[in-house]
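A.B. asks: To be precise about what I am sending: the file is called final.cif and holds mmCIF, C-alpha atoms.
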data_model
loop_
_atom_site.label_atom_id
_atom_site.label_comp_id
_atom_site.auth_asym_id
_atom_site.auth_seq_id
_atom_site.Cartn_x
_atom_site.Cartn_y
_atom_site.Cartn_z
CA MET A 199 0.00 0.00 0.00
CA CYS A 200 1.41 3.42 -0.88
CA TRP A 201 0.54 6.99 -1.65
CA VAL A 202 0.70 7.86 -5.35
CA ARG A 203 0.67 11.19 -7.13
CA ASP A 204 -2.47 13.34 -7.06
CA VAL A 205 -4.16 11.46 -9.89
CA ASP A 206 -7.58 13.12 -9.68
CA GLU A 207 -6.02 16.58 -9.26
CA ASP A 208 -7.92 17.49 -6.11
CA GLY A 209 -4.79 18.64 -4.28
CA VAL A 210 -4.24 15.45 -2.25
CA GLU A 211 -2.04 12.43 -2.95
CA ASP A 212 -4.09 9.32 -3.71
CA LEU A 213 -3.82 5.75 -2.46
CA ALA A 214 -2.85 2.51 -4.22
CA PHE A 215 -3.03 -0.96 -2.72
CA GLY A 216 -2.77 -4.46 -4.07
CA CYS A 217 -5.22 -7.34 -3.96
CA PRO A 218 -3.08 -10.31 -4.96
CA ILE A 219 -5.89 -12.80 -4.43
CA GLY A 220 -8.67 -14.04 -6.62
CA LEU A 221 -8.15 -14.54 -10.32
CA GLY A 222 -4.83 -12.97 -11.19
CA GLY A 223 -4.71 -10.20 -8.66
CA SER A 224 -5.24 -6.49 -9.08
CA VAL A 225 -4.29 -3.06 -7.76
CA PHE A 226 -6.87 -0.51 -6.60
CA VAL A 227 -6.33 3.22 -6.82
CA LEU A 228 -8.56 5.36 -4.61
CA GLY A 229 -8.95 9.13 -4.57
CA SER A 230 -8.16 10.48 -1.13
CA ARG A 231 -10.63 13.35 -0.92
CA ARG A 232 -13.74 11.36 -1.86
CA ALA A 233 -12.37 7.90 -1.06
CA ALA A 234 -13.75 6.83 -4.44
CA LYS A 235 -12.22 4.34 -6.82
CA ILE A 236 -10.20 5.93 -9.61
CA THR A 237 -9.25 2.73 -11.34
CA THR A 238 -8.45 -0.94 -10.95
CA ILE A 239 -5.33 -2.28 -12.62
CA GLU A 240 -5.80 -5.84 -13.80
CA PRO A 241 -3.05 -7.31 -15.99
CA SER A 242 -5.38 -10.05 -17.17
CA MET A 243 -7.49 -7.33 -18.82
CA GLN A 244 -4.55 -5.73 -20.64
CA GLU A 245 -3.74 -6.92 -24.12
CA GLY A 246 -0.43 -6.94 -25.92
CA LEU A 247 1.75 -7.53 -22.90
CA ASP A 248 4.77 -8.64 -24.90
CA PHE A 249 8.07 -7.17 -23.82
CA GLY A 250 10.29 -9.37 -25.99
CA HIS A 251 9.48 -12.52 -24.11
CA ARG A 252 6.32 -14.27 -23.15
CA ILE A 253 5.52 -13.69 -19.55
CA ASP A 254 2.69 -14.33 -17.21
CA ILE A 255 2.28 -11.60 -14.64
CA SER A 256 -1.29 -12.44 -13.92
CA SER A 257 -0.82 -14.33 -10.67
CA SER A 258 -0.35 -12.58 -7.35
CA PHE A 259 -0.23 -9.22 -9.09
CA GLY A 260 -0.18 -6.57 -6.38
CA THR A 261 1.80 -8.46 -3.75
CA GLN A 262 3.56 -5.15 -3.16
CA VAL A 263 3.15 -1.68 -4.62
CA CYS A 264 5.49 1.29 -4.49
CA ALA A 265 5.45 4.79 -6.02
CA VAL A 266 8.52 5.50 -8.16
CA PRO A 267 9.76 8.50 -10.18
CA ASP A 268 8.74 8.77 -13.84
CA GLN A 269 9.75 5.66 -15.79
CA ASP A 270 7.97 6.13 -19.12
CA GLY A 271 8.95 9.70 -19.92
CA ASP A 272 5.59 11.39 -19.46
CA GLY A 273 6.84 13.45 -16.53
CA LEU A 274 4.54 11.77 -14.01
CA ASP A 275 5.51 9.50 -11.17
CA ASP A 276 4.66 5.86 -11.81
CA LEU A 277 3.73 2.78 -9.84
CA LEU A 278 5.84 -0.31 -9.29
CA VAL A 279 3.91 -3.54 -8.75
CA ALA A 280 5.39 -6.86 -7.65
CA GLY A 281 3.84 -10.19 -8.43
CA THR A 282 4.73 -13.84 -8.76
CA SER A 283 3.45 -16.26 -11.33
CA PHE A 284 3.18 -19.91 -10.39
CA GLY A 285 2.58 -22.97 -12.52
CA GLY A 286 2.92 -23.67 -16.20
CA ALA A 287 6.00 -24.88 -18.06
CA ARG A 288 8.05 -21.90 -16.90
CA GLY A 289 7.55 -22.58 -13.21
CA ALA A 290 7.58 -19.74 -10.75
CA GLN A 291 8.61 -16.34 -12.04
CA ALA A 292 9.09 -13.20 -10.01
CA ALA A 293 7.82 -10.24 -12.01
CA LEU A 294 8.14 -6.53 -11.39
CA SER A 295 5.86 -4.27 -13.42
CA VAL A 296 5.89 -0.53 -13.98
CA VAL A 297 2.40 0.93 -14.37
CA SER A 298 1.84 4.35 -15.90
CA THR A 299 -0.25 6.56 -13.62
CA LYS A 300 -1.52 8.36 -16.72
CA THR A 301 -2.83 5.43 -18.80
CA TRP A 302 -2.81 2.72 -16.07
CA LYS A 303 -1.14 0.42 -18.58
CA ILE A 304 1.84 -1.76 -17.76
CA VAL A 305 4.70 -0.07 -19.57
CA ARG A 306 7.66 -2.17 -18.42
CA VAL A 307 8.24 -5.56 -16.89
CA VAL A 308 11.28 -7.20 -15.39
CA VAL A 309 10.87 -10.93 -15.04
CA ASP A 310 13.16 -13.41 -13.37
CA ARG A 311 13.85 -15.29 -16.60
CA GLU A 312 16.81 -17.22 -15.23
CA LEU A 313 14.63 -18.86 -12.65
CA ALA A 314 12.01 -19.57 -15.27
CA LYS A 315 14.61 -21.09 -17.61
CA ALA A 316 16.05 -23.30 -14.87
CA LYS A 317 12.60 -24.63 -14.12
CA SER A 318 11.75 -25.35 -17.74
CA ASP A 319 15.10 -27.07 -18.40
CA LYS A 320 14.42 -29.70 -15.75
CA MET B 584 9.99 -30.05 3.40
CA LYS B 585 13.37 -28.97 2.08
CA PRO B 586 13.70 -25.17 2.10
CA ARG B 587 14.25 -23.49 -1.24
CA ALA B 588 17.45 -21.54 -1.61
CA GLY B 589 15.87 -18.14 -2.27
CA ARG B 590 17.48 -15.04 -3.74
CA VAL B 591 17.20 -11.28 -3.72
CA LEU B 592 17.27 -9.74 -7.20
CA VAL B 593 18.66 -6.28 -7.82
CA VAL B 594 17.13 -4.44 -10.78
CA ASP B 595 18.81 -1.62 -12.70
CA PRO B 596 16.11 1.08 -12.83
CA VAL B 597 17.48 2.54 -16.08
CA LYS B 598 18.08 -0.59 -18.17
CA TRP B 599 15.31 -2.50 -16.43
CA THR B 600 17.30 -5.68 -16.17
CA ILE B 601 18.35 -7.83 -13.25
CA VAL B 602 21.94 -6.82 -12.57
CA ARG B 603 22.76 -8.66 -9.37
CA GLU B 604 21.56 -11.57 -7.32
CA LEU B 605 22.11 -11.91 -3.61
CA ALA B 606 22.05 -15.38 -2.11
CA GLY B 607 23.04 -17.07 1.12
CA ASP B 608 25.72 -19.69 1.49
CA GLY B 609 25.03 -23.40 1.09
CA SER B 610 23.82 -23.79 4.65
CA GLU B 611 21.00 -21.31 4.19
CA GLY B 612 17.54 -21.55 2.70
CA GLU B 613 14.66 -19.19 1.98
CA PHE B 614 17.10 -16.30 1.54
CA GLY B 615 15.06 -13.14 1.11
CA GLY B 616 11.95 -14.75 2.52
CA LEU B 617 11.24 -11.44 4.20
CA CYS B 618 12.87 -8.14 3.31
CA SER B 619 12.57 -4.56 4.48
CA ALA B 620 14.33 -1.54 3.00
CA ALA B 621 15.17 1.90 4.41
CA HIS B 622 16.60 5.02 2.78
CA THR B 623 18.31 8.11 4.10
CA GLY B 624 19.92 10.73 1.89
CA ASP B 625 22.08 8.73 -0.49
CA ARG B 626 22.23 5.61 1.68
CA SER B 627 19.96 2.60 1.44
CA TYR B 628 19.80 -0.50 3.57
CA LEU B 629 18.07 -3.82 3.23
CA ALA B 630 17.20 -6.25 6.02
CA VAL B 631 16.93 -9.84 4.77
CA THR B 632 15.96 -13.06 6.54
CA SER B 633 17.01 -16.64 5.80
CA VAL B 634 16.86 -19.98 7.59
CA VAL B 635 19.69 -22.29 8.60
CA LYS B 636 18.96 -25.61 6.96
CA GLY B 637 18.13 -28.38 9.39
CA GLU B 638 18.54 -26.19 12.45
CA PRO B 639 16.03 -24.21 14.51
CA ARG B 640 17.46 -20.82 13.80
CA TRP B 641 16.99 -17.87 11.50
CA LEU B 642 19.53 -15.43 10.17
CA LEU B 643 18.89 -11.71 9.86
CA ARG B 644 21.26 -9.71 7.66
CA LEU B 645 21.60 -5.99 7.14
CA ILE B 646 22.92 -5.19 3.66
CA ASP B 647 24.35 -1.84 2.57
CA VAL B 648 22.80 -1.35 -0.86
CA ALA B 649 25.68 0.87 -2.08
CA ASP B 650 28.07 -2.06 -2.45
CA LEU B 651 25.73 -4.89 -1.42
CA SER B 652 28.03 -5.70 1.49
CA THR B 653 26.75 -7.26 4.70
CA VAL B 654 26.88 -4.79 7.60
CA TRP B 655 25.99 -7.37 10.21
CA THR B 656 24.40 -10.78 10.59
CA ASP B 657 22.33 -11.85 13.56
CA THR B 658 21.27 -15.34 14.55
CA ILE B 659 17.84 -15.87 16.03
CA GLU B 660 17.30 -19.08 17.94
CA ILE B 661 13.76 -20.36 17.72
CA ASP B 662 11.76 -23.18 19.20
CA PRO B 663 11.75 -26.08 16.67
CA SER B 664 7.94 -26.04 16.61
CA ASN B 665 8.03 -22.47 15.33
CA ARG B 666 9.81 -23.41 12.14
CA HIS B 667 7.11 -21.82 9.99
CA SER B 668 6.57 -18.74 12.11
CA TYR B 669 8.57 -16.20 10.19
CA PRO B 670 10.25 -13.33 12.04
CA ASN B 671 9.23 -10.05 10.49
CA PRO B 672 11.93 -7.40 10.05
CA LEU B 673 11.29 -3.67 9.78
CA CYS B 674 14.27 -1.63 8.60
CA VAL B 675 14.30 2.11 9.35
CA VAL B 676 16.92 4.82 9.63
CA ASP B 677 17.17 6.56 12.99
CA GLY B 678 19.38 9.62 12.59
CA ASP B 679 22.09 8.34 10.27
CA ASP B 680 22.10 4.81 11.57
CA PRO B 681 20.11 1.86 10.25
CA VAL B 682 17.93 0.11 12.80
CA VAL B 683 16.06 -3.14 12.31
CA PHE B 684 13.06 -3.97 14.44
CA LEU B 685 12.24 -7.64 14.49
CA LEU B 686 8.95 -9.15 15.49
CA GLU B 687 9.15 -12.83 16.30
CA ARG B 688 7.85 -15.60 18.48
CA SER B 689 10.44 -16.73 20.97
CA LYS B 690 8.49 -19.47 22.73
CA ALA B 691 6.83 -22.58 21.39
CA ALA B 692 3.68 -21.65 19.51
CA LEU B 693 1.82 -24.58 21.02
CA ASP B 694 2.70 -23.49 24.56
CA ASP B 695 2.24 -19.77 24.16
CA PRO B 696 0.44 -18.97 20.93
CA GLU B 697 -0.41 -15.38 21.76
CA HIS B 698 3.03 -14.06 22.49
CA LEU B 699 5.27 -11.98 20.23
CA VAL B 700 8.56 -10.33 21.04
CA LEU B 701 9.79 -7.09 19.54
CA TRP B 702 13.56 -6.72 19.18
CA ARG B 703 15.67 -3.72 18.19
CA ARG B 704 18.89 -4.47 16.33
CA VAL B 705 21.60 -1.85 15.81
CA LEU B 706 25.28 -2.19 14.98
CA LYS B 707 26.17 -2.92 18.61
CA GLY B 708 23.70 -5.74 19.06
CA ARG B 709 20.12 -6.78 19.63
CA THR B 710 17.91 -5.93 22.59
CA CYS B 711 14.35 -6.86 23.50
CA ILE B 712 12.22 -3.73 23.67
CA GLY B 713 8.80 -5.19 24.34
CA HIS B 714 6.28 -7.99 24.33
CA LEU B 715 2.90 -8.17 22.65
CA ARG B 716 0.29 -10.39 24.18
CA ASP B 717 -3.30 -9.43 23.79
CA GLY B 718 -5.32 -12.55 23.44
CA TYR B 719 -5.03 -13.69 19.87
CA LEU B 720 -3.79 -16.88 18.38
CA LEU B 721 -1.14 -16.37 15.79
CA ARG B 722 -0.38 -19.20 13.45
CA SER B 723 0.08 -17.50 10.13
CA GLY B 724 2.01 -14.28 9.98
CA GLN B 725 2.65 -10.83 11.20
CA ASN B 726 3.27 -7.47 9.66
CA THR B 727 4.74 -4.19 10.83
CA CYS B 728 4.78 -0.61 9.65
CA PRO B 729 6.52 2.43 11.09
CA HIS B 730 4.80 5.61 12.19
CA TYR B 731 6.56 8.97 12.17
CA ASP B 732 5.37 12.10 13.95
CA LEU B 733 4.94 15.40 12.13
CA LYS B 734 8.62 16.19 12.72
CA GLY B 735 9.64 12.96 11.01
CA LYS B 736 10.68 11.17 14.18
CA LEU B 737 9.85 7.48 14.51
CA ASP B 738 7.47 7.30 17.47
CA GLY B 739 6.08 3.78 17.19
CA ILE B 740 5.15 0.76 15.15
CA PHE B 741 1.82 -0.68 14.08
CA VAL B 742 1.90 -4.45 14.36
CA SER B 743 -0.61 -6.84 12.86
CA SER B 744 -0.79 -10.54 13.59
CA ILE B 745 -2.93 -12.83 11.54
CA ASP B 746 -4.27 -16.27 12.30
CA ASP B 747 -4.99 -18.07 9.07
CA TYR B 748 -4.74 -21.64 10.22
CA SER B 749 -4.64 -24.76 8.07
CA PRO B 750 -4.48 -28.01 10.09
CA PRO B 751 -1.71 -30.42 9.05
CA ASP B 752 -2.52 -32.63 6.06
CA THR B 753 -5.54 -30.58 5.06
CA ARG B 754 -6.16 -27.76 2.67
CA LEU B 755 -8.88 -26.32 4.87
CA PHE B 756 -8.50 -22.85 6.27
CA PHE B 757 -10.43 -21.96 9.37
CA GLU B 758 -11.59 -18.51 10.25
CA ASN B 759 -9.08 -15.72 9.97
CA GLN B 760 -8.57 -13.83 13.15
CA SER B 761 -6.34 -10.83 13.27
CA ARG B 762 -5.38 -7.97 15.47
CA VAL B 763 -3.52 -4.74 14.97
CA ALA B 764 -1.67 -3.25 17.90
CA TRP B 765 0.18 0.01 18.41
CA PHE B 766 3.60 -0.27 19.97
CA ASP B 767 4.75 2.99 21.53
CA LEU B 768 8.53 3.25 21.40
CA ALA B 769 8.60 5.90 24.14
CA THR B 770 6.78 3.79 26.72
CA GLY B 771 7.57 0.28 25.47
CA LYS B 772 3.88 -0.59 25.76
CA SER B 773 1.50 -2.05 23.20
CA VAL B 774 -2.16 -1.13 22.81
CA PRO B 775 -4.66 -3.19 20.78
CA VAL B 776 -6.37 -0.96 18.20
CA CYS B 777 -8.24 -3.28 15.83
CA ARG B 778 -9.52 -6.84 16.01
CA THR B 779 -11.44 -9.29 13.92
CA ALA B 780 -12.58 -12.71 15.06
CA GLU B 781 -14.48 -15.63 13.59
CA ASP B 782 -14.60 -13.78 10.36
CA THR B 783 -13.55 -14.52 6.84
CA ALA B 784 -11.29 -11.51 6.64
CA ALA B 785 -8.02 -10.48 8.16
CA ALA B 786 -7.06 -6.90 8.87
CA GLY B 787 -3.48 -5.80 8.61
CA VAL B 788 -2.40 -7.84 5.60
CA GLU B 789 -1.08 -4.49 4.48
CA LEU B 790 -0.40 -1.51 6.72
CA LEU B 791 0.51 2.08 5.92
CA GLY B 792 1.40 4.60 8.60
CA PHE B 793 1.02 8.33 7.98
CA SER B 794 1.19 11.49 10.02
CA ALA B 795 -1.00 14.03 8.20
CA PRO B 796 -4.56 13.57 6.87
CA HIS B 797 -4.97 12.75 3.19
CA GLY B 798 -8.52 13.86 2.41
CA ARG B 799 -10.83 11.30 3.96
CA PHE B 800 -7.90 9.16 5.02
CA VAL B 801 -7.41 10.37 8.58
CA GLY B 802 -5.77 8.88 11.62
CA ASP B 803 -2.35 7.33 12.00
CA ALA B 804 -2.47 4.26 9.75
CA ILE B 805 -4.54 2.36 7.22
CA ALA B 806 -5.01 -1.40 7.36
CA VAL B 807 -6.29 -3.40 4.42
CA ARG B 808 -8.90 -5.96 5.41
CA ARG B 809 -9.48 -8.37 2.57
CA VAL B 810 -12.34 -10.80 2.13
CA ARG B 811 -11.72 -14.17 0.49
CA ALA B 812 -14.49 -13.64 -2.01
CA GLY B 813 -12.78 -10.42 -3.13
CA GLY B 814 -12.96 -6.81 -2.04
CA GLY B 815 -12.83 -5.79 1.57
CA GLN B 816 -12.36 -2.70 3.67
CA LEU B 817 -9.78 -0.07 4.37
CA VAL B 818 -9.69 0.40 8.13
CA MET B 819 -8.49 3.76 9.40
CA LEU B 820 -6.60 3.38 12.65
CA THR B 821 -5.35 5.73 15.29
CA ARG B 822 -2.92 4.86 18.02
CA ARG B 823 -5.94 4.43 20.29
CA GLY B 824 -8.38 2.56 18.10
CA THR B 825 -10.31 2.20 14.88
CA VAL B 826 -11.71 5.36 13.30
CA SER B 827 -13.76 4.19 10.36
CA GLN B 828 -13.95 1.74 7.49
CA LEU B 829 -14.25 2.24 3.76
CA GLU B 830 -15.51 -0.59 1.59
CA PHE B 831 -13.74 -1.49 -1.60
CA PRO B 832 -15.34 -3.73 -4.21
CA ALA B 833 -14.34 -7.16 -5.44
#
Kindly transcribe the structure held in the file into structure tokens.
C.D. replies:
Amino acid sequence: MCWVRDVDEDGVEDLAFGCPIGLGGSVFVLGSRRAAKITTIEPSMQEGLDFGHRIDISSSFGTQVCAVPDQDGDGLDDLLVAGTSFGGARGAQAALSVVSTKTWKIVRVVVDRELAKAKSDK
Amino acid sequence: MKPRAGRVLVVDPVKWTIVRELAGDGSEGEFGGLCSAAHTGDRSYLAVTSVVKGEPRWLLRLIDVADLSTVWTDTIEIDPSNRHSYPNPLCVVDGDDPVVFLLERSKAALDDPEHLVLWRRVLKGRTCIGHLRDGYLLRSGQNTCPHYDLKGKLDGIFVSSIDDYSPPDTRLFFENQSRVAWFDLATGKSVPVCRTAEDTAAAGVELLGFSAPHGRFVGDAIAVRRVRAGGGQLVMLTRRGTVSQLEFPA
């Protein structure tokens, strides 16, 4: 759980927290002044998540969240989301995603490919 | 069950690649099972736990992130029956010095299931600074978050303990009970501030301490209280009790 930039531009930082349970996991973003939902980030609902390698970030998404300085060049602070994917031929993969706080799309992913490769080689 | 080795991965925030891996030696398992980071100026520290394979003890390391060197290592002796009760580290910076608070169970869970010990570890060594015992079973996990006053001084710690029990050889989970307590560093006393019992939700899975109101988020901390079916509540806490709850949808 962390404070994120003032997304709804009401003069107060807003709140993001993860729900890494249920199907895939998700991250909620709530406006602080009205305590109303701004958005829900669900990787399973995002298409085209191909960063040069096939990954599955849809399990335990939102295990941890953290606000970080701008990562995608739009001048706005972004959101770092940790998750772990279990199962499948690749085995367990730790995955770290950067989410744009402008579009709420995942713009970057780092995945523990070495661990995934070791699992699939066995 | 044989413990997995475990690793801590270091990511380059410019290239977005994994540039380093930290691991324990061959005698250790579950390296990085629990981590806590702290930052001050240009210094960063990371507290990392691991287990000693085949022995009833945990290791707690403080790592200087600048060169990934180990500043100190502490050994925590545990009762063999507490093998799966993970000690929870909280790394903060007090002045210029890194401090790690450690919440753990020192006695056998079966004999004394409601008891937690809070330790303070600095460069010189580790000292017990308090005990938490306020009537809740704890068989699953615990969580901590720091609270700073308006001047930025660490004045206490919110501590949650969660009972999410699965009997051996079953996949059944009984009711989740949880509590959140406030531990005052000035007095060394703990005060229960939030409880759930015989419920299907646990409060304190995530905690966030804060010192100034953020719109409708008032008080001293927020606890997430999730429901298995999805959704849950955000519980606003003060150092004296629960203020209010906000529902969030599944």
A.B. asks: Which chain A residues are at most 10 Å from chain B (counting only C-alpha atoms), as a PyMOL selection string?
C.D. replies: chain A and resi 199-201+208-213+215-221+223-224+226+228-235+261-262+266+269+292+294+296+306-312
A.B. asks: Could you work out how far atom CA of B:Leu686 lies from atom CA of B:His714, giving the answer in Å with one decimal?
C.D. replies: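 Those two atoms sit 9.3 Å apart.
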A.B. asks: Specify as an MDAnalysis selection string each residue included when the PyMOL selection byres ((chain A and resi 295) around 10) is applied to this file.
C.D. replies: chainID A and resid 241 255 259:260 263 277:281 293:294 296:298 303:309
A.B. asks: Extract, using all atoms listed in the file, all DNA, RNA and protein residues at most 12 Å from B:Val654, discarding same-chain residues fewer than 4 positions from it, and format them as a ChimeraX atom specification.
C.D. replies: /B:627-631,643-650,680-683,704-708
A.B. asks: Can you spit out the residues from that selection as an mmCIF file, in the frame of the given file, using C-alpha atoms?
C.D. replies:
data_model
loop_
_atom_site.group_PDB
_atom_site.id
_atom_site.type_symbol
_atom_site.label_atom_id
_atom_site.label_comp_id
_atom_site.auth_asym_id
_atom_site.auth_seq_id
_atom_site.Cartn_x
_atom_site.Cartn_y
_atom_site.Cartn_z
ATOM 1 C CA SER B 627 19.960 2.600 1.440
ATOM 2 C CA TYR B 628 19.800 -0.500 3.570
ATOM 3 C CA LEU B 629 18.070 -3.820 3.230
ATOM 4 C CA ALA B 630 17.200 -6.250 6.020
ATOM 5 C CA VAL B 631 16.930 -9.840 4.770
ATOM 6 C CA LEU B 643 18.890 -11.710 9.860
ATOM 7 C CA ARG B 644 21.260 -9.710 7.660
ATOM 8 C CA LEU B 645 21.600 -5.990 7.140
ATOM 9 C CA ILE B 646 22.920 -5.190 3.660
ATOM 10 C CA ASP B 647 24.350 -1.840 2.570
ATOM 11 C CA VAL B 648 22.800 -1.350 -0.860
ATOM 12 C CA ALA B 649 25.680 0.870 -2.080
ATOM 13 C CA ASP B 650 28.070 -2.060 -2.450
ATOM 14 C CA ASP B 680 22.100 4.810 11.570
ATOM 15 C CA PRO B 681 20.110 1.860 10.250
ATOM 16 C CA VAL B 682 17.930 0.110 12.800
ATOM 17 C CA VAL B 683 16.060 -3.140 12.310
ATOM 18 C CA ARG B 704 18.890 -4.470 16.330
ATOM 19 C CA VAL B 705 21.600 -1.850 15.810
ATOM 20 C CA LEU B 706 25.280 -2.190 14.980
ATOM 21 C CA LYS B 707 26.170 -2.920 18.610
ATOM 22 C CA GLY B 708 23.700 -5.740 19.060
#
A.B. asks: May I ask for the distance between atom CA of B:Pro663 and atom CA of B:Gly615, given in Å to one decimal place?
C.D. replies: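 Separation between atom CA of B:Pro663 and atom CA of B:Gly615: 20.5 Å.
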A.B. asks: Tell me, in Å to one decimal, how far atom CA of B:Ser773 is from atom CA of B:Leu673.
C.D. replies: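 Between atom CA of B:Ser773 and atom CA of B:Leu673 the gap is 16.7 Å.
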A.B. asks: Please provide as an MDAnalysis selection string all residues within 6 Å of B:Asp767, with the sequence filter that same-chain residues fewer than 4 positions apart are discarded (counting only C-alpha atoms).
C.D. replies: chainID B and resid 739 771:772
